[in-house]
file start-v7.tsv (TSV, C-alpha atoms)
chain	number	residue	atom	x	y	z
F	1	MET	CA	51.18	89.93	18.60
F	2	ARG	CA	47.44	89.72	18.54
F	3	LYS	CA	47.34	89.90	14.73
F	4	LYS	CA	50.02	87.29	14.53
F	5	ARG	CA	48.07	85.11	16.90
F	6	LYS	CA	45.01	85.72	14.86
F	7	THR	CA	46.90	84.74	11.76
F	8	MET	CA	48.23	81.64	13.40
F	9	ASN	CA	44.82	80.80	14.66
F	10	PHE	CA	43.45	81.18	11.18
F	11	LYS	CA	46.03	78.88	9.77
F	12	GLY	CA	45.47	76.45	12.61
F	13	ASN	CA	41.74	76.35	11.99
F	14	MET	CA	42.25	75.77	8.31
F	15	SER	CA	44.64	72.95	9.06
F	16	ILE	CA	42.05	71.26	11.27
F	17	ARG	CA	38.98	71.73	9.02
F	18	PHE	CA	40.56	70.95	5.66
F	19	PRO	CA	40.48	67.13	5.90
F	20	TYR	CA	36.75	67.11	6.80
F	21	LEU	CA	35.99	69.53	3.99
F	22	ALA	CA	37.84	67.32	1.51
F	23	GLU	CA	35.92	64.21	2.59
F	24	THR	CA	32.63	66.02	2.28
F	25	ILE	CA	33.47	67.22	-1.21
F	26	LEU	CA	34.50	63.65	-2.19
F	27	VAL	CA	31.22	62.18	-0.96
F	28	ILE	CA	29.25	64.77	-2.87
F	29	LEU	CA	31.20	64.10	-6.05
F	30	LEU	CA	30.70	60.32	-5.73
F	31	GLY	CA	26.99	60.84	-5.17
F	32	ILE	CA	26.81	62.97	-8.28
F	33	ILE	CA	28.75	60.39	-10.28
F	34	PHE	CA	26.61	57.43	-9.16
F	35	GLY	CA	23.46	59.46	-9.38
F	36	CYS	CA	24.22	60.08	-13.00
F	37	GLN	CA	24.70	56.36	-13.64
F	38	PRO	CA	21.83	54.92	-15.75
F	39	LYS	CA	19.47	52.72	-13.68
F	40	PRO	CA	18.90	49.16	-14.95
F	41	THR	CA	15.81	48.91	-17.12
F	42	LYS	CA	16.02	45.31	-18.24
F	43	LEU	CA	16.46	41.76	-16.97
F	44	ILE	CA	18.66	39.29	-18.80
F	45	GLU	CA	17.48	35.69	-19.08
F	46	GLY	CA	19.75	33.44	-17.04
F	47	GLU	CA	20.54	36.22	-14.57
F	48	PHE	CA	17.35	35.78	-12.61
F	49	GLU	CA	15.24	32.89	-11.29
F	50	SER	CA	11.47	32.70	-11.52
F	51	TYR	CA	8.78	30.42	-10.16
F	52	THR	CA	5.29	29.77	-11.47
F	53	ILE	CA	2.67	30.00	-8.73
F	54	ASP	CA	1.08	26.60	-8.18
F	55	LYS	CA	-1.06	24.74	-5.70
F	56	GLY	CA	0.69	22.57	-3.16
F	57	ASN	CA	1.63	22.00	0.45
F	58	ILE	CA	3.48	24.29	2.83
F	59	GLU	CA	4.89	22.89	6.04
F	60	THR	CA	7.05	24.07	8.92
F	61	PHE	CA	9.17	21.65	10.90
F	62	GLU	CA	10.85	20.98	14.22
F	63	LEU	CA	14.09	19.08	13.76
F	64	CYS	CA	15.52	16.23	15.85
F	65	GLN	CA	17.72	13.17	15.41
F	66	GLY	CA	16.79	9.51	15.23
F	67	MET	CA	18.04	5.99	14.51
F	68	VAL	CA	16.62	3.65	11.85
F	69	GLU	CA	15.39	0.26	13.11
F	70	PRO	CA	13.27	-2.58	11.67
F	71	ALA	CA	9.58	-1.87	12.24
F	72	ASN	CA	8.49	-5.51	12.46
F	73	GLU	CA	9.67	-8.95	13.42
F	74	VAL	CA	8.71	-12.03	11.39
F	75	ILE	CA	8.21	-15.40	13.08
F	76	LEU	CA	9.09	-18.46	10.99
F	77	LEU	CA	6.86	-21.44	11.88
F	78	SER	CA	7.25	-25.08	10.94
F	79	PRO	CA	4.63	-25.86	8.27
F	80	ALA	CA	4.04	-29.39	9.60
F	81	SER	CA	5.32	-32.01	12.02
F	82	SER	CA	8.76	-33.08	10.84
F	83	VAL	CA	12.45	-33.26	11.76
F	84	LEU	CA	14.79	-30.28	11.46
F	85	THR	CA	17.61	-31.56	9.27
F	86	LYS	CA	19.72	-28.44	8.70
F	87	ILE	CA	20.12	-24.85	9.93
F	88	ILE	CA	21.44	-22.82	6.98
F	89	LYS	CA	21.24	-19.29	8.44
F	90	GLY	CA	22.01	-18.64	12.10
F	91	PRO	CA	21.43	-15.68	14.43
F	92	GLY	CA	23.01	-12.43	13.23
F	93	GLN	CA	23.18	-13.47	9.59
F	94	ARG	CA	21.59	-11.27	6.97
F	95	VAL	CA	19.10	-12.86	4.54
F	96	SER	CA	17.35	-11.76	1.39
F	97	LYS	CA	13.76	-12.52	0.48
F	98	GLY	CA	13.53	-16.15	-0.66
F	99	ASP	CA	16.74	-17.37	1.01
F	100	VAL	CA	16.45	-20.79	2.65
F	101	VAL	CA	16.90	-20.44	6.42
F	102	LEU	CA	16.06	-23.97	7.68
F	103	GLN	CA	15.45	-27.37	6.08
F	104	LEU	CA	12.92	-29.94	7.34
F	105	ASP	CA	12.74	-33.63	6.47
F	106	PRO	CA	10.05	-34.04	3.75
F	107	LYS	CA	9.57	-37.83	4.29
F	108	SER	CA	6.37	-37.57	6.37
F	109	ILE	CA	4.78	-35.29	3.77
F	110	LYS	CA	5.80	-37.55	0.90
F	111	ASP	CA	4.31	-40.57	2.72
F	112	LYS	CA	1.04	-38.66	3.23
F	113	ILE	CA	0.94	-37.71	-0.46
F	114	GLU	CA	1.41	-41.35	-1.49
F	115	GLN	CA	-1.35	-42.46	0.90
F	116	ILE	CA	-3.80	-39.87	-0.46
F	117	ASN	CA	-3.04	-40.88	-4.05
F	118	ASP	CA	-3.81	-44.52	-3.17
F	119	GLN	CA	-7.10	-43.50	-1.53
F	120	LEU	CA	-8.00	-41.42	-4.56
F	121	ASP	CA	-7.43	-44.39	-6.85
F	122	VAL	CA	-9.80	-46.51	-4.72
F	123	LYS	CA	-12.48	-43.82	-4.60
F	124	ASN	CA	-12.26	-43.15	-8.34
F	125	ASN	CA	-12.72	-46.90	-8.91
F	126	ASN	CA	-15.74	-46.92	-6.57
F	127	LEU	CA	-17.14	-43.92	-8.42
F	128	GLU	CA	-16.89	-45.73	-11.73
F	129	LYS	CA	-18.62	-48.78	-10.23
F	130	THR	CA	-21.38	-46.61	-8.77
F	131	ARG	CA	-21.96	-44.95	-12.14
F	132	LEU	CA	-22.13	-48.34	-13.92
F	133	ASN	CA	-24.55	-49.66	-11.28
F	134	ALA	CA	-26.64	-46.55	-11.68
F	135	ARG	CA	-26.83	-47.03	-15.44
F	136	SER	CA	-27.84	-50.70	-14.95
F	137	ALA	CA	-30.42	-49.79	-12.33
F	138	LYS	CA	-31.88	-47.06	-14.52
F	139	ALA	CA	-32.25	-49.56	-17.36
F	140	ASP	CA	-33.99	-52.13	-15.12
F	141	LEU	CA	-36.28	-49.53	-13.59
F	142	SER	CA	-37.17	-48.14	-16.97
F	143	TYR	CA	-37.98	-51.66	-18.29
F	144	ASN	CA	-40.14	-52.43	-15.26
F	145	GLU	CA	-42.03	-49.16	-15.68
F	146	GLU	CA	-42.61	-49.74	-19.40
F	147	THR	CA	-43.88	-53.27	-18.65
F	148	LYS	CA	-46.43	-51.85	-16.22
F	149	LYS	CA	-47.54	-49.30	-18.78
F	150	LEU	CA	-47.99	-52.03	-21.44
F	151	LYS	CA	-50.03	-54.12	-19.02
F	152	ILE	CA	-52.31	-51.14	-18.32
F	153	ALA	CA	-52.71	-50.53	-22.03
F	154	SER	CA	-53.66	-54.20	-22.55
F	155	ILE	CA	-56.25	-54.11	-19.75
F	156	LYS	CA	-57.75	-50.91	-21.15
F	157	SER	CA	-58.08	-52.55	-24.57
F	158	THR	CA	-59.72	-55.65	-23.03
F	159	LEU	CA	-62.11	-53.45	-21.03
F	160	ALA	CA	-63.15	-51.59	-24.16
F	161	ASP	CA	-63.98	-54.83	-25.91
F	162	GLN	CA	-65.90	-56.14	-22.92
F	163	GLU	CA	-67.97	-52.97	-22.69
F	164	GLN	CA	-69.00	-53.38	-26.34
F	165	LEU	CA	-69.96	-57.02	-25.72
F	166	PHE	CA	-71.88	-56.02	-22.60
F	167	GLU	CA	-73.97	-53.61	-24.65
F	168	VAL	CA	-75.11	-56.45	-26.94
F	169	GLY	CA	-75.51	-58.89	-24.05
F	170	GLY	CA	-72.48	-60.98	-24.91
F	171	ILE	CA	-70.85	-60.68	-21.44
F	172	SER	CA	-71.93	-60.25	-17.87
F	173	GLN	CA	-71.65	-57.11	-15.75
F	174	ALA	CA	-69.49	-58.99	-13.22
F	175	LYS	CA	-66.91	-59.77	-15.90
F	176	VAL	CA	-66.67	-56.07	-16.82
F	177	ASP	CA	-66.39	-54.99	-13.19
F	178	LYS	CA	-63.59	-57.49	-12.62
F	179	THR	CA	-61.60	-56.06	-15.55
F	180	LYS	CA	-62.11	-52.54	-14.20
F	181	GLN	CA	-60.68	-53.63	-10.84
F	182	GLU	CA	-57.67	-55.13	-12.59
F	183	LEU	CA	-57.10	-51.79	-14.38
F	184	THR	CA	-57.32	-49.85	-11.12
F	185	LEU	CA	-54.81	-52.18	-9.43
F	186	ALA	CA	-52.45	-51.98	-12.44
F	187	GLU	CA	-52.52	-48.12	-12.40
F	188	LYS	CA	-51.82	-48.06	-8.66
F	189	ASP	CA	-48.99	-50.55	-9.20
F	190	LEU	CA	-47.49	-48.27	-11.90
F	191	LYS	CA	-47.72	-45.26	-9.60
F	192	LEU	CA	-45.98	-47.17	-6.82
F	193	VAL	CA	-43.27	-48.34	-9.22
F	194	LYS	CA	-42.66	-44.76	-10.37
F	195	GLN	CA	-42.27	-43.59	-6.76
F	196	LYS	CA	-39.88	-46.43	-5.98
F	197	ASN	CA	-37.91	-45.72	-9.15
F	198	TRP	CA	-37.61	-42.02	-8.25
F	199	ILE	CA	-36.34	-42.93	-4.76
F	200	LYS	CA	-33.88	-45.44	-6.18
F	201	LEU	CA	-32.54	-42.96	-8.75
F	202	ALA	CA	-32.24	-40.24	-6.09
F	203	GLN	CA	-30.32	-42.69	-3.87
F	204	LEU	CA	-27.96	-43.55	-6.74
F	205	ALA	CA	-27.40	-39.84	-7.44
F	206	THR	CA	-26.69	-39.23	-3.75
F	207	ASP	CA	-24.17	-42.07	-3.68
F	208	GLU	CA	-22.37	-40.59	-6.68
F	209	LYS	CA	-22.46	-37.09	-5.20
F	210	GLY	CA	-21.05	-38.40	-1.91
F	211	LEU	CA	-18.15	-40.10	-3.70
F	212	LEU	CA	-17.46	-36.98	-5.73
F	213	LEU	CA	-17.41	-34.91	-2.53
F	214	GLN	CA	-14.96	-37.32	-0.88
F	215	ILE	CA	-12.75	-37.23	-3.97
F	216	GLU	CA	-12.84	-33.43	-4.03
F	217	MET	CA	-11.91	-33.25	-0.35
F	218	GLN	CA	-9.00	-35.60	-0.86
F	219	LYS	CA	-7.83	-33.62	-3.87
F	220	LYS	CA	-7.77	-30.51	-1.69
F	221	ASP	CA	-5.86	-32.42	0.96
F	222	LEU	CA	-3.43	-33.58	-1.72
F	223	LYS	CA	-2.97	-30.02	-2.95
F	224	GLN	CA	-2.31	-28.88	0.63
F	225	GLN	CA	0.26	-31.63	1.14
F	226	MET	CA	1.95	-30.75	-2.16
F	227	PHE	CA	2.16	-27.15	-0.95
F	228	LEU	CA	3.58	-28.25	2.41
F	229	LEU	CA	6.21	-30.25	0.54
F	230	THR	CA	7.45	-26.98	-1.01
F	231	GLN	CA	7.58	-25.45	2.49
F	232	MET	CA	10.00	-27.99	3.89
F	233	ASP	CA	12.71	-25.52	2.86
F	234	VAL	CA	11.75	-22.69	5.25
F	235	LYS	CA	12.49	-19.43	3.43
F	236	ALA	CA	12.79	-15.80	4.50
F	237	PRO	CA	9.59	-13.92	3.51
F	238	SER	CA	11.50	-10.61	3.29
F	239	ASP	CA	14.93	-9.08	3.59
F	240	GLY	CA	16.11	-9.15	7.18
F	241	ILE	CA	18.47	-10.38	9.86
F	242	ILE	CA	18.07	-13.65	11.77
F	243	LEU	CA	17.48	-12.70	15.41
F	244	SER	CA	17.20	-16.19	16.91
F	245	VAL	CA	16.68	-19.89	16.09
F	246	HIS	CA	14.47	-21.94	18.42
F	247	ALA	CA	15.32	-25.49	17.38
F	248	GLN	CA	18.34	-27.74	16.88
F	249	GLU	CA	19.35	-29.97	14.01
F	250	GLY	CA	17.84	-33.44	14.43
F	251	GLU	CA	15.04	-32.19	16.68
F	252	LYS	CA	11.55	-33.53	16.01
F	253	ILE	CA	9.14	-30.68	15.43
F	254	GLN	CA	5.52	-31.08	16.49
F	255	GLY	CA	2.90	-28.97	14.72
F	256	GLU	CA	3.36	-25.26	14.06
F	257	LYS	CA	6.37	-24.64	16.28
F	258	THR	CA	8.32	-21.37	16.19
F	259	LEU	CA	11.57	-22.11	14.38
F	260	ALA	CA	13.18	-18.67	14.09
F	261	ARG	CA	12.64	-14.92	14.46
F	262	LEU	CA	13.58	-12.54	11.66
F	263	SER	CA	13.73	-8.74	11.54
F	264	ASP	CA	11.78	-7.39	8.54
F	265	LEU	CA	14.01	-4.89	6.73
F	266	THR	CA	11.33	-3.98	4.18
F	267	ARG	CA	9.41	-2.04	6.83
F	268	LEU	CA	11.46	0.41	8.87
F	269	LYS	CA	10.86	2.85	11.70
F	270	VAL	CA	12.88	5.59	13.37
F	271	GLU	CA	13.43	5.73	17.13
F	272	ALA	CA	13.96	9.37	18.12
F	273	SER	CA	13.99	11.77	21.05
F	274	ILE	CA	13.25	15.46	21.41
F	275	ASP	CA	13.42	18.07	24.16
F	276	GLU	CA	10.50	17.89	26.59
F	277	LYS	CA	9.37	21.42	25.67
F	278	PHE	CA	8.06	19.94	22.40
F	279	ARG	CA	6.01	17.20	24.09
F	280	ASN	CA	2.74	18.83	22.98
F	281	LEU	CA	3.96	18.62	19.37
F	282	ILE	CA	4.63	14.88	19.41
F	283	LYS	CA	1.26	13.18	18.97
F	284	ILE	CA	0.44	9.78	17.50
F	285	GLY	CA	-0.38	10.17	13.81
F	286	ARG	CA	1.50	13.45	13.37
F	287	LYS	CA	3.21	13.72	10.00
F	288	ALA	CA	7.01	13.62	9.85
F	289	TYR	CA	9.80	13.30	7.30
F	290	VAL	CA	12.96	11.23	7.57
F	291	SER	CA	15.95	12.84	5.87
F	292	SER	CA	19.29	11.25	5.11
F	293	GLY	CA	21.43	13.12	2.60
F	294	LYS	CA	19.27	13.70	-0.47
F	295	ASN	CA	16.77	11.04	0.56
F	296	ARG	CA	13.51	12.18	2.18
F	297	LEU	CA	10.76	9.73	3.14
F	298	GLN	CA	7.37	10.39	4.72
F	299	GLY	CA	6.21	8.82	7.97
F	300	ARG	CA	3.88	9.15	10.94
F	301	VAL	CA	4.46	9.21	14.69
F	302	SER	CA	3.39	5.70	15.76
F	303	SER	CA	4.13	5.63	19.50
F	304	VAL	CA	5.19	7.97	22.30
F	305	MET	CA	6.82	6.90	25.55
F	306	PRO	CA	4.81	8.19	28.52
F	307	GLN	CA	7.88	8.85	30.72
F	308	LEU	CA	10.60	11.45	30.11
F	309	ASP	CA	14.24	10.38	30.15
F	310	ASN	CA	16.68	13.10	31.28
F	311	GLY	CA	14.42	15.80	29.91
F	312	LYS	CA	13.94	13.96	26.61
F	313	LEU	CA	10.73	12.59	25.12
F	314	HIS	CA	11.22	9.33	23.21
F	315	PHE	CA	8.95	8.39	20.30
F	316	SER	CA	8.80	6.28	17.14
F	317	VAL	CA	8.07	7.22	13.53
F	318	VAL	CA	6.91	4.50	11.11
F	319	LEU	CA	7.69	5.09	7.44
F	320	THR	CA	4.60	5.08	5.24
F	321	GLU	CA	6.26	4.90	1.81
F	322	ASP	CA	6.68	1.53	0.11
F	323	ASP	CA	10.25	2.02	-1.11
F	324	GLN	CA	12.42	2.14	2.01
F	325	SER	CA	15.52	0.64	0.40
F	326	LYS	CA	17.50	3.89	0.73
F	327	LEU	CA	17.64	3.49	4.52
F	328	ILE	CA	19.42	0.82	6.54
F	329	PRO	CA	19.15	-0.24	10.22
F	330	ASN	CA	21.33	1.64	12.74
F	331	GLN	CA	21.56	4.61	10.36
F	332	LYS	CA	21.42	8.05	11.97
F	333	VAL	CA	18.89	10.32	10.29
F	334	GLU	CA	17.30	13.74	10.72
F	335	LEU	CA	13.61	13.90	11.56
F	336	GLN	CA	11.41	16.78	10.44
F	337	ILE	CA	8.30	16.88	12.62
F	338	VAL	CA	5.54	18.92	10.96
F	339	LYS	CA	4.52	21.85	13.21
F	340	ARG	CA	2.25	23.87	10.93
F	341	ALA	CA	0.93	22.92	7.56
F	342	LYS	CA	-1.38	24.14	4.84
F	343	TYR	CA	-2.33	21.81	2.03
F	344	GLY	CA	-3.53	22.57	-1.48
F	345	VAL	CA	-2.87	26.34	-1.23
F	346	LEU	CA	-1.37	28.81	-3.72
F	347	ARG	CA	2.35	29.01	-3.14
F	348	VAL	CA	5.59	30.41	-4.53
F	349	LYS	CA	9.09	29.17	-3.91
F	350	ARG	CA	11.31	31.34	-1.71
F	351	GLY	CA	14.19	33.29	-3.26
F	352	ASP	CA	16.34	36.26	-2.24
F	353	GLN	CA	13.62	38.61	-3.53
F	354	ILE	CA	11.07	37.22	-1.05
F	355	ASN	CA	11.52	38.12	2.63
F	356	TRP	CA	9.38	37.47	5.69
F	357	LYS	CA	7.01	40.44	5.25
F	358	LYS	CA	3.33	39.71	4.74
F	359	LYS	CA	3.05	42.22	1.87
F	360	GLN	CA	5.83	42.55	-0.72
F	361	ASN	CA	6.31	44.14	-4.12
F	362	LEU	CA	7.51	41.54	-6.61
F	363	TYR	CA	7.89	41.38	-10.37
F	364	LEU	CA	5.44	39.21	-12.32
F	365	ILE	CA	6.57	38.17	-15.79
F	366	SER	CA	4.18	38.84	-18.64
F	367	GLY	CA	5.53	38.13	-22.10
F	368	ASP	CA	8.85	40.00	-22.48
F	369	SER	CA	8.23	42.24	-19.47
F	370	ALA	CA	8.37	41.99	-15.69
F	371	VAL	CA	5.78	44.18	-13.97
F	372	LYS	CA	5.85	45.07	-10.28
F	373	LYS	CA	2.83	43.98	-8.24
F	374	GLU	CA	2.04	43.82	-4.54
F	375	ILE	CA	1.54	40.27	-3.26
F	376	GLU	CA	0.11	39.39	0.11
F	377	PHE	CA	1.51	36.27	1.80
F	378	GLY	CA	0.14	33.96	4.50
F	379	LEU	CA	2.31	31.19	5.91
F	380	ILE	CA	5.98	31.72	5.03
F	381	THR	CA	8.62	29.02	5.48
F	382	GLU	CA	12.21	28.60	4.44
F	383	GLU	CA	11.04	26.84	1.29
F	384	TYR	CA	7.69	28.33	0.26
F	385	ALA	CA	5.39	31.30	0.84
F	386	GLU	CA	1.61	31.05	0.74
F	387	VAL	CA	0.05	33.49	-1.75
F	388	LEU	CA	-3.15	35.06	-0.41
F	389	ASN	CA	-3.69	37.97	-2.80
F	390	GLY	CA	-2.02	39.48	-5.84
F	391	GLY	CA	-1.14	36.24	-7.61
F	392	GLU	CA	-2.93	33.36	-9.28
F	393	THR	CA	-2.07	29.88	-10.44
F	394	GLY	CA	0.19	30.14	-13.48
F	395	ASP	CA	1.63	33.59	-12.66
F	396	GLU	CA	5.41	33.63	-13.08
F	397	VAL	CA	7.20	35.53	-10.32
F	398	VAL	CA	10.82	36.72	-10.19
F	399	ILE	CA	12.09	35.18	-6.94
F	400	SER	CA	15.85	35.72	-7.29
F	401	SER	CA	18.18	37.91	-9.35
F	402	ILE	CA	21.89	38.72	-9.52
F	403	ALA	CA	20.96	42.25	-10.64
F	404	SER	CA	20.03	44.98	-8.14
F	405	LEU	CA	16.42	45.65	-9.03
F	406	SER	CA	15.52	49.36	-9.01
F	407	LYS	CA	12.27	50.96	-8.02
F	408	LEU	CA	10.98	50.88	-11.58
F	409	ASN	CA	7.48	49.53	-12.04
F	410	SER	CA	8.58	47.28	-14.90
F	411	PHE	CA	11.56	45.77	-16.66
F	412	LYS	CA	12.16	44.51	-20.15
F	413	ILE	CA	13.35	40.91	-20.42
F	414	GLU	CA	16.07	40.23	-22.98
F	415	LYS	CA	17.68	36.99	-24.05
F	416	ALA	CA	21.26	36.42	-23.01
F	417	ASN	CA	23.89	36.87	-25.74

call {"tool": "encode", "arguments": {"input": "start-v7.tsv", "output": "structure tokens"}}
result
Amino acid sequence: MRKKRKTMNFKGNMSIRFPYLAETILVILLGIIFGCQPKPTKLIEGEFESYTIDKGNIETFELCQGMVEPANEVILLSPASSVLTKIIKGPGQRVSKGDVVLQLDPKSIKDKIEQINDQLDVKNNNLEKTRLNARSAKADLSYNEETKKLKIASIKSTLADQEQLFEVGGISQAKVDKTKQELTLAEKDLKLVKQKNWIKLAQLATDEKGLLLQIEMQKKDLKQQMFLLTQMDVKAPSDGIILSVHAQEGEKIQGEKTLARLSDLTRLKVEASIDEKFRNLIKIGRKAYVSSGKNRLQGRVSSVMPQLDNGKLHFSVVLTEDDQSKLIPNQKVELQIVKRAKYGVLRVKRGDQINWKKKQNLYLISGDSAVKKEIEFGLITEEYAEVLNGGETGDEVVISSIASLSKLNSFKIEKAN
């Protein structure tokens, strides 16, 4: 019985151990089979993605939600005293740049233009008269001065003759002295005439200059009135929505009165909120991005509410890019608030070959080969990794591949068939 039991035990043990033995043998065989498989020694173009190391920006973000709103309001003023004749666009209506919003009666401006033109005609006529008088006066003054000069020349000639006669005793000394006195008086008279002529000519020039100045001032006034005439149709200076109108049709407008308020849709902002634990992150001037679908615009935090609301911090981001046409008011968007950033550093785009480790072995492409090299990284984000050592600008790095890269130090690169 013992032998039989031993035999049965033997069979029982075999029946228990056989399945484990079979599995072990199968694993060993599979290992041998796969171990004998040739390891990949080449990369096929199109089956991997590479990125050329460049210089650029690397940023990390904190995400939150926001709502697009107009950043500014535009106030439409009456250009001059007039009467509001027609309201074309009322509150709530959307307008495009250049659309007429209100119309003012242009009669008062037209009357002023006609009055200025009449005054200009009078002043131009006076200017012509002044110039003619000046020419006549210049001629008279010039004739008077020449007459004085001729008289002096005649006296000088007479004095010369008298001095010759005096030398031969043909004339008395008193006669000569008298002629000399006449010459002195004539020269003083000429000098006085010249001074008076200069004053008269200066006065005539001043009169002409004064008229020209008055004409120039009235021309400027006329130009201003002509401009105001074009402003009687009050137009929207930008795309927007009419928020309110502060006058009624038929109302007389005095001076620069506020006629309407318009939201400016060319400049937008985002009103957002974020959990209070990020309050130290939200500072005025901090860089942020507004994302909506494939659109991404840059902005800056412009204001922060001092009080929390149900554990939320409210703040505004003003867009800094000129083209904001891809966003519309009341649109929900995602905000990316920049937490950390490095600008103008060496970087490589992230792929499945690049993880979060600070030192990694990657393949750098050189000609028709990819050679393994250790690269040290700094700041790593979902999008980029900062290259500190092991790579330079222009180095091409394999960042993603559908092949399982082995531990070989290099691969050959072949073109796809």

call {"tool": "closest_atom_pairs", "arguments": {"input": "start-v7.tsv", "of": "segment 144-175 of chain F", "to": "segment 191-207 of chain F", "cutoff": "10 Å", "atoms": "all atoms listed in the file", "output": "CSV"}}
result
residue,atom,partner,partner_atom,distance
F:Asn144,CA,F:Val193,CA,7.9
F:Glu145,CA,F:Val193,CA,6.6
F:Lys148,CA,F:Val193,CA,8.4

call {"tool": "residues_around", "arguments": {"input": "start-v7.tsv", "residues": "Ile284 of chain F", "least_positions_apart": "3", "cutoff": "9 Å", "atoms": "all atoms listed in the file", "output": "mmCIF file with C-alpha atoms, keeping the file's coordinate frame"}}
result
data_model
loop_
_atom_site.group_PDB
_atom_site.id
_atom_site.type_symbol
_atom_site.label_atom_id
_atom_site.label_comp_id
_atom_site.auth_asym_id
_atom_site.auth_seq_id
_atom_site.Cartn_x
_atom_site.Cartn_y
_atom_site.Cartn_z
ATOM 1 C CA LYS F 287 3.210 13.720 10.000
ATOM 2 C CA ARG F 300 3.880 9.150 10.940
ATOM 3 C CA VAL F 301 4.460 9.210 14.690
ATOM 4 C CA SER F 302 3.390 5.700 15.760
ATOM 5 C CA SER F 303 4.130 5.630 19.500
ATOM 6 C CA VAL F 304 5.190 7.970 22.300
ATOM 7 C CA VAL F 317 8.070 7.220 13.530
#

call {"tool": "atom_distance", "arguments": {"input": "start-v7.tsv", "atom1": "atom CA of Lys107 of chain F", "atom2": "atom CA of Gln224 of chain F"}}
result
15.3 Å

call {"tool": "residues_around", "arguments": {"input": "start-v7.tsv", "residues": "segment 113-125 of chain F", "least_positions_apart": "5", "cutoff": "12 Å", "atoms": "all atoms listed in the file", "output": "VMD selection string"}}
result
chain F and resid 106 to 108 130 to 132 207 to 208 210 to 229

call {"tool": "closest_residue", "arguments": {"input": "start-v7.tsv", "among": "F:Ile87, F:Leu183, F:Asp140, F:Gln353", "to": "Ala160 of chain F", "atoms": "only C-alpha atoms"}}
result
F:Leu183

call {"tool": "residues_near_point", "arguments": {"input": "start-v7.tsv", "point": "(6.8, -36.4, 6.5)", "cutoff": "9 Å", "atoms": "only C-alpha atoms", "output": "VMD selection string"}}
result
chain F and resid 80 to 83 104 to 112 229

call {"tool": "closest_residue", "arguments": {"input": "start-v7.tsv", "among": "F:Asp275, F:Glu49, F:Thr147, F:Lys89", "to": "Leu63 of chain F", "atoms": "all atoms listed in the file"}}
result
F:Asp275

call {"tool": "atom_distance", "arguments": {"input": "start-v7.tsv", "atom1": "atom CA of Gly351 of chain F", "atom2": "atom CA of Val333 of chain F"}}
result
27.1 Å

call {"tool": "residues_around", "arguments": {"input": "start-v7.tsv", "residues": "Lys332 of chain F", "least_positions_apart": "5", "cutoff": "7 Å", "atoms": "only C-alpha atoms", "output": "list in words"}}
result
Gly66, Met67 and Val68 of chain F

call {"tool": "atom_distance", "arguments": {"input": "start-v7.tsv", "atom1": "atom CA of Gly311 of chain F", "atom2": "atom CA of Gly299 of chain F"}}
result
24.4 Å

call {"tool": "closest_residue", "arguments": {"input": "start-v7.tsv", "among": "F:Lys175, F:Lys42, F:Lys339, F:Arg350", "to": "Asn280 of chain F", "atoms": "all atoms listed in the file"}}
result
F:Lys339

call {"tool": "closest_residue", "arguments": {"input": "start-v7.tsv", "among": "F:Ile152, F:Val245, F:Leu362, F:Leu165", "to": "Asp395 of chain F", "atoms": "only C-alpha atoms"}}
result
F:Leu362

call {"tool": "residues_around", "arguments": {"input": "start-v7.tsv", "residues": "Lys372 of chain F", "least_positions_apart": "6", "cutoff": "7 Å", "atoms": "all atoms listed in the file", "output": "list in words"}}
result
Asn361, Leu362, Tyr363, Leu364, Asn409 and Ser410 of chain F

call {"tool": "closest_residue", "arguments": {"input": "start-v7.tsv", "among": "F:Val338, F:Ile241, F:Val318, F:Ala403", "to": "Lys97 of chain F", "atoms": "all atoms listed in the file"}}
result
F:Ile241

call {"tool": "closest_residue", "arguments": {"input": "start-v7.tsv", "among": "F:Met232, F:Leu150, F:Ile75, F:Leu262", "to": "Gly92 of chain F", "atoms": "all atoms listed in the file"}}
result
F:Leu262

call {"tool": "build_atoms", "arguments": {"input": "start-v7.tsv", "residues": "segment 55-61 of chain F", "atoms": "N, CA and C atoms", "output": "short mmCIF file (atom, residue, chain, number, x, y, z; two decimals), in the frame of the given file"}}
result
data_model
loop_
_atom_site.label_atom_id
_atom_site.label_comp_id
_atom_site.auth_asym_id
_atom_site.auth_seq_id
_atom_site.Cartn_x
_atom_site.Cartn_y
_atom_site.Cartn_z
N LYS F 55 -0.37 25.19 -6.91
CA LYS F 55 -1.06 24.74 -5.70
C LYS F 55 -0.28 23.58 -5.11
N GLY F 56 -0.08 23.62 -3.80
CA GLY F 56 0.69 22.57 -3.16
C GLY F 56 0.65 22.70 -1.66
N ASN F 57 1.59 22.05 -1.01
CA ASN F 57 1.63 22.00 0.45
C ASN F 57 2.74 22.89 0.99
N ILE F 58 2.48 23.49 2.13
CA ILE F 58 3.48 24.29 2.83
C ILE F 58 3.54 23.79 4.27
N GLU F 59 4.74 23.47 4.71
CA GLU F 59 4.89 22.89 6.04
C GLU F 59 6.07 23.53 6.77
N THR F 60 5.93 23.65 8.08
CA THR F 60 7.05 24.07 8.92
C THR F 60 7.42 22.91 9.83
N PHE F 61 8.68 22.84 10.21
CA PHE F 61 9.17 21.65 10.90
C PHE F 61 9.91 22.00 12.19
#
